[in-house]
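One file, final.cif, is given below (mmCIF, C-alpha atoms).
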data_my_file
loop_
_atom_site.label_atom_id
_atom_site.label_comp_id
_atom_site.auth_asym_id
_atom_site.auth_seq_id
_atom_site.Cartn_x
_atom_site.Cartn_y
_atom_site.Cartn_z
CA MET A 1 -64.06 -10.56 69.28
CA ALA A 2 -64.29 -13.48 66.85
CA PHE A 3 -66.22 -11.26 64.41
CA TYR A 4 -63.49 -8.61 64.56
CA SER A 5 -60.77 -11.21 63.89
CA ILE A 6 -62.61 -12.55 60.83
CA ARG A 7 -63.18 -9.03 59.52
CA ARG A 8 -59.47 -8.18 60.04
CA GLN A 9 -58.38 -11.28 58.14
CA HIS A 10 -60.76 -10.40 55.31
CA GLN A 11 -59.29 -6.86 55.07
CA LEU A 12 -55.75 -8.24 54.94
CA ARG A 13 -56.79 -10.70 52.23
CA LEU A 14 -58.24 -7.86 50.19
CA ARG A 15 -55.01 -5.83 50.48
CA ALA A 16 -52.70 -8.66 49.35
CA PHE A 17 -51.68 -9.28 45.71
CA THR A 18 -52.23 -12.62 44.11
CA LEU A 19 -49.44 -14.27 42.11
CA VAL A 20 -51.30 -13.56 38.87
CA GLU A 21 -51.59 -9.88 39.73
CA LEU A 22 -47.88 -9.66 40.52
CA LEU A 23 -47.03 -11.31 37.20
CA VAL A 24 -49.28 -8.90 35.29
CA VAL A 25 -47.75 -5.85 37.00
CA THR A 26 -44.23 -7.17 36.36
CA ALA A 27 -45.02 -7.79 32.69
CA ILE A 28 -46.38 -4.25 32.29
CA MET A 29 -43.24 -2.80 33.89
CA VAL A 30 -41.01 -4.87 31.58
CA VAL A 31 -42.92 -3.69 28.50
CA ILE A 32 -42.78 -0.03 29.56
CA THR A 33 -39.05 -0.28 30.35
CA SER A 34 -38.34 -1.93 26.99
CA VAL A 35 -40.24 0.79 25.11
CA VAL A 36 -38.36 3.52 26.98
CA LEU A 37 -34.98 1.90 26.29
CA VAL A 38 -35.73 1.39 22.60
CA SER A 39 -36.98 4.95 22.21
CA ASN A 40 -33.94 6.31 24.02
CA GLY A 41 -31.60 4.28 21.79
CA ARG A 42 -33.32 5.47 18.63
CA PHE A 43 -33.24 9.07 19.86
CA GLY A 44 -29.50 8.78 20.48
CA GLY A 45 -29.03 7.34 17.00
CA VAL A 46 -30.96 10.21 15.40
CA VAL A 47 -28.89 12.78 17.30
CA GLN A 48 -25.66 11.10 16.17
CA LEU A 49 -26.91 11.01 12.58
CA GLU A 50 -27.75 14.70 12.78
CA ASN A 51 -24.24 15.43 14.04
CA PHE A 52 -22.65 13.50 11.16
CA THR A 53 -24.92 15.26 8.66
CA TYR A 54 -23.92 18.70 9.90
CA ASP A 55 -20.26 17.63 9.86
CA VAL A 56 -20.58 16.75 6.16
CA ALA A 57 -22.35 20.05 5.45
CA LEU A 58 -19.57 21.92 7.26
CA SER A 59 -16.95 20.09 5.17
CA ILE A 60 -18.70 21.24 2.00
CA ARG A 61 -18.83 24.78 3.41
CA GLN A 62 -15.14 24.52 4.25
CA ALA A 63 -14.34 23.61 0.64
CA GLN A 64 -16.44 26.57 -0.48
CA VAL A 65 -14.49 28.93 1.79
CA TYR A 66 -11.19 27.49 0.56
CA GLY A 67 -12.30 27.97 -3.03
CA ILE A 68 -13.43 31.56 -2.57
CA SER A 69 -10.45 32.59 -0.43
CA VAL A 70 -8.05 30.78 -2.81
CA ALA A 71 -6.29 28.64 -0.23
CA ARG A 72 -2.93 27.17 -1.13
CA PHE A 73 -2.41 23.45 -1.74
CA GLY A 74 1.15 22.14 -1.96
CA ALA A 75 3.16 24.20 -4.44
CA ASN A 76 -0.01 25.40 -6.13
CA THR A 77 -0.21 29.05 -7.22
CA PHE A 78 -3.48 29.65 -5.32
CA ALA A 79 -5.50 29.29 -8.52
CA ALA A 80 -7.19 25.92 -7.94
CA GLY A 81 -10.74 25.37 -6.81
CA PHE A 82 -11.62 23.23 -3.82
CA GLY A 83 -14.33 20.64 -3.49
CA THR A 84 -15.79 17.59 -1.78
CA HIS A 85 -15.84 14.09 -3.24
CA PHE A 86 -18.44 11.40 -2.46
CA ASP A 87 -18.19 7.79 -3.64
CA ILE A 88 -20.80 5.12 -2.88
CA SER A 89 -18.10 2.42 -3.03
CA SER A 90 -16.57 4.06 0.07
CA SER A 91 -19.86 4.83 1.72
CA ASN A 92 -18.52 5.74 5.16
CA THR A 93 -15.87 8.20 3.94
CA TYR A 94 -15.72 11.42 1.95
CA ALA A 95 -12.90 13.74 0.93
CA VAL A 96 -12.12 17.43 0.69
CA PHE A 97 -9.78 18.04 -2.25
CA SER A 98 -7.99 20.74 -4.21
CA ASP A 99 -8.72 20.63 -7.94
CA SER A 100 -5.08 21.38 -8.67
CA LEU A 101 -3.63 18.56 -10.78
CA THR A 102 -6.02 18.44 -13.73
CA GLU A 103 -8.46 21.25 -12.86
CA ASN A 104 -11.40 19.30 -14.23
CA GLY A 105 -13.77 19.54 -11.28
CA LEU A 106 -13.11 15.92 -10.29
CA TYR A 107 -11.12 14.35 -7.48
CA ASP A 108 -7.91 12.97 -9.05
CA CYS A 109 -5.60 10.72 -7.05
CA SER A 110 -3.24 8.33 -8.82
CA ASN A 111 -1.71 6.98 -5.61
CA PRO A 112 -4.34 6.85 -2.84
CA THR A 113 -2.16 4.61 -0.62
CA ASN A 114 0.60 7.23 -0.52
CA PRO A 115 -0.98 10.57 -1.45
CA THR A 116 1.23 13.61 -2.00
CA PRO A 117 0.42 16.99 -3.62
CA ASP A 118 2.20 15.71 -6.74
CA ASN A 119 0.04 12.63 -7.25
CA CYS A 120 -3.17 13.27 -5.32
CA GLU A 121 -5.51 16.22 -4.78
CA LEU A 122 -6.50 15.06 -1.30
CA VAL A 123 -6.71 17.74 1.40
CA GLU A 124 -8.37 15.61 4.05
CA THR A 125 -10.60 12.57 4.34
CA THR A 126 -13.28 11.96 6.96
CA THR A 127 -14.57 8.59 8.12
CA MET A 128 -17.99 8.11 9.71
CA THR A 129 -18.03 5.49 12.47
CA GLY A 130 -20.68 3.50 14.31
CA GLY A 131 -22.36 2.12 11.19
CA TYR A 132 -23.35 5.52 9.76
CA TYR A 133 -22.91 5.76 6.02
CA ILE A 134 -23.78 7.50 2.74
CA GLN A 135 -26.92 5.70 1.61
CA ASP A 136 -27.52 7.45 -1.71
CA LEU A 137 -26.32 10.16 -4.04
CA CYS A 138 -28.83 12.15 -6.07
CA THR A 139 -28.43 14.95 -8.61
CA THR A 140 -30.73 17.15 -10.63
CA PRO A 141 -29.66 17.87 -14.24
CA PRO A 142 -30.51 21.15 -16.01
CA ASN A 143 -34.21 21.30 -16.84
CA GLY A 144 -34.71 17.84 -15.35
CA THR A 145 -35.92 16.01 -12.27
CA GLU A 146 -33.85 14.58 -9.44
CA ASN A 147 -32.26 11.22 -10.18
CA CYS A 148 -30.86 8.81 -7.59
CA GLU A 149 -30.45 5.76 -9.82
CA GLY A 150 -26.99 4.57 -10.79
CA ILE A 151 -25.11 7.56 -9.38
CA THR A 152 -21.91 6.30 -7.80
CA LYS A 153 -19.85 9.49 -7.48
CA VAL A 154 -20.51 13.18 -6.95
CA ASP A 155 -17.91 15.95 -6.94
CA ILE A 156 -18.83 19.47 -5.77
CA VAL A 157 -16.22 22.13 -6.58
CA PHE A 158 -16.04 25.84 -5.76
CA ILE A 159 -13.92 28.15 -7.92
CA ARG A 160 -13.19 31.80 -7.20
CA PRO A 161 -14.51 34.44 -7.24
CA GLU A 162 -18.09 33.15 -7.07
CA PRO A 163 -19.55 30.89 -4.34
CA ASP A 164 -21.37 28.85 -7.02
CA ALA A 165 -21.05 25.06 -6.96
CA TRP A 166 -19.82 23.10 -9.97
CA ILE A 167 -21.51 19.73 -9.51
CA SER A 168 -20.16 16.76 -11.46
CA VAL A 169 -21.69 13.29 -11.48
CA SER A 170 -20.07 9.89 -12.08
CA ASP A 171 -16.72 11.16 -13.40
CA THR A 172 -18.22 13.52 -16.01
CA PRO A 173 -16.05 16.67 -15.69
CA CYS A 174 -18.54 19.49 -15.26
CA VAL A 175 -15.85 22.21 -15.29
CA LEU A 176 -14.68 21.14 -18.75
CA GLN A 177 -18.18 20.35 -20.03
CA ASN A 178 -20.32 23.16 -18.70
CA GLY A 179 -23.56 21.73 -20.11
CA SER A 180 -23.18 18.65 -17.91
CA CYS A 181 -23.20 20.59 -14.64
CA GLN A 182 -25.98 19.53 -12.27
CA THR A 183 -28.31 22.11 -10.76
CA SER A 184 -28.24 20.42 -7.36
CA ALA A 185 -26.84 17.46 -5.48
CA ARG A 186 -28.28 15.59 -2.51
CA ILE A 187 -26.19 13.40 -0.23
CA ILE A 188 -28.33 11.05 1.85
CA LEU A 189 -26.85 9.78 5.11
CA ALA A 190 -28.28 6.85 7.06
CA SER A 191 -27.94 5.42 10.54
CA PRO A 192 -27.75 1.71 11.48
CA ARG A 193 -31.47 2.00 12.36
CA TRP A 194 -32.27 3.30 8.84
CA ASP A 195 -33.02 6.88 9.87
CA THR A 196 -31.92 9.24 7.09
CA MET A 197 -30.98 12.88 6.62
CA SER A 198 -29.85 14.82 3.56
CA ILE A 199 -27.44 17.57 2.61
CA VAL A 200 -28.62 19.50 -0.43
CA VAL A 201 -26.18 21.67 -2.41
CA GLY A 202 -27.54 24.00 -5.09
CA ALA A 203 -25.64 25.31 -8.09
CA ASN A 204 -25.83 28.77 -6.49
CA GLY A 205 -23.72 27.49 -3.60
CA GLN A 206 -26.51 27.21 -1.04
CA ILE A 207 -26.04 24.31 1.39
CA THR A 208 -28.96 23.01 3.48
CA VAL A 209 -29.58 20.09 5.81
CA ARG A 210 -32.91 18.29 5.71
CA ARG A 211 -34.51 15.57 7.78
CA ASN A 212 -36.10 13.01 5.46
CA ALA A 213 -39.68 11.85 5.96
CA GLN A 214 -39.88 8.36 7.44
#

Would you mind writing the structure in this file as structure tokens?
Amino acid sequence: MAFYSIRRQHQLRLRAFTLVELLVVTAIMVVITSVVLVSNGRFGGVVQLENFTYDVALSIRQAQVYGISVARFGANTFAAGFGTHFDISSSNTYAVFSDSLTENGLYDCSNPTNPTPDNCELVETTTMTGGYYIQDLCTTPPNGTENCEGITKVDIVFIRPEPDAWISVSDTPCVLQNGSCQTSARIILASPRWDTMSIVVGANGQITVRRNAQ
């Protein structure tokens, strides 16, 4: 009987966890939980970035449709092109505009605090929230390579009847100076966690969304 009692106590001792073992198991669970939470947060951020990127691409497509279908803006005679305007100094906003005041392929607005069709070409402006922003603007000149240095503004305009894009960079009016038109533009969007995606617009009017290599 005594032998059985000793053996039973030994089996119970073998089945019990020591304090060190409990601490190790707890630490492993904390690490695994932290990794899962971080990965889930980053995944959610990437999805949100993708949504914003497609929203920007759809805004550019909307301007293209307006330009081809000759939408009306204010008292305009349906002749103006439509475009999208990007400015690094306002990195979380972008604008859809009607090139109706000067018809130079650039976004003109003399009174941005009180815009009207008589003083501003603004159709609508969109603001990205949650720390998402335009990280960079890049353009490719004719017979050149893509440049992302020192580009602060990009205007992409569509004029009937063709779906082609007139791409102006840094206030150089491409419509008035045809030789200065860029062959493509790339708008790079970033999340607060530094994930990035791009919208690429070609001079032929093609609009694509790309996930950038990390």

Please identify all polymer residues within 10 Å of Ile151 (chain A), counting only C-alpha atoms, omitting same-chain residues fewer than 5 positions from it, and present them as a ChimeraX atom specification.
/A:87-88,136-139,169-171

If you count all atoms listed in the file, the residue of A:Gln135, A:Pro117, A:Thr84, A:Thr145 closest to Arg61 (chain A) turns out to be A:Thr84

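Proximity ranking of A:Ser69, A:Asn212, A:Thr102, A:Asn92 relative to Met128 (chain A) places A:Asn92 first, based on only C-alpha atoms.
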
From the list A:Gln48, A:Phe97, A:Ala63, A:Arg160, the nearest residue to Ile207 (chain A) using all atoms listed in the file is A:Ala63

Residue nearest Gly130 (chain A) - candidates A:Val154, A:Leu58, A:Cys181, A:Leu49, atoms counted: only C-alpha atoms
A:Leu49

Could you give me, as a PyMOL selection string, the residues within 8 Å of Arg211 (chain A), counting only C-alpha atoms and dropping anything in the same chain fewer than 6 positions from it?
chain A and resi 196-198
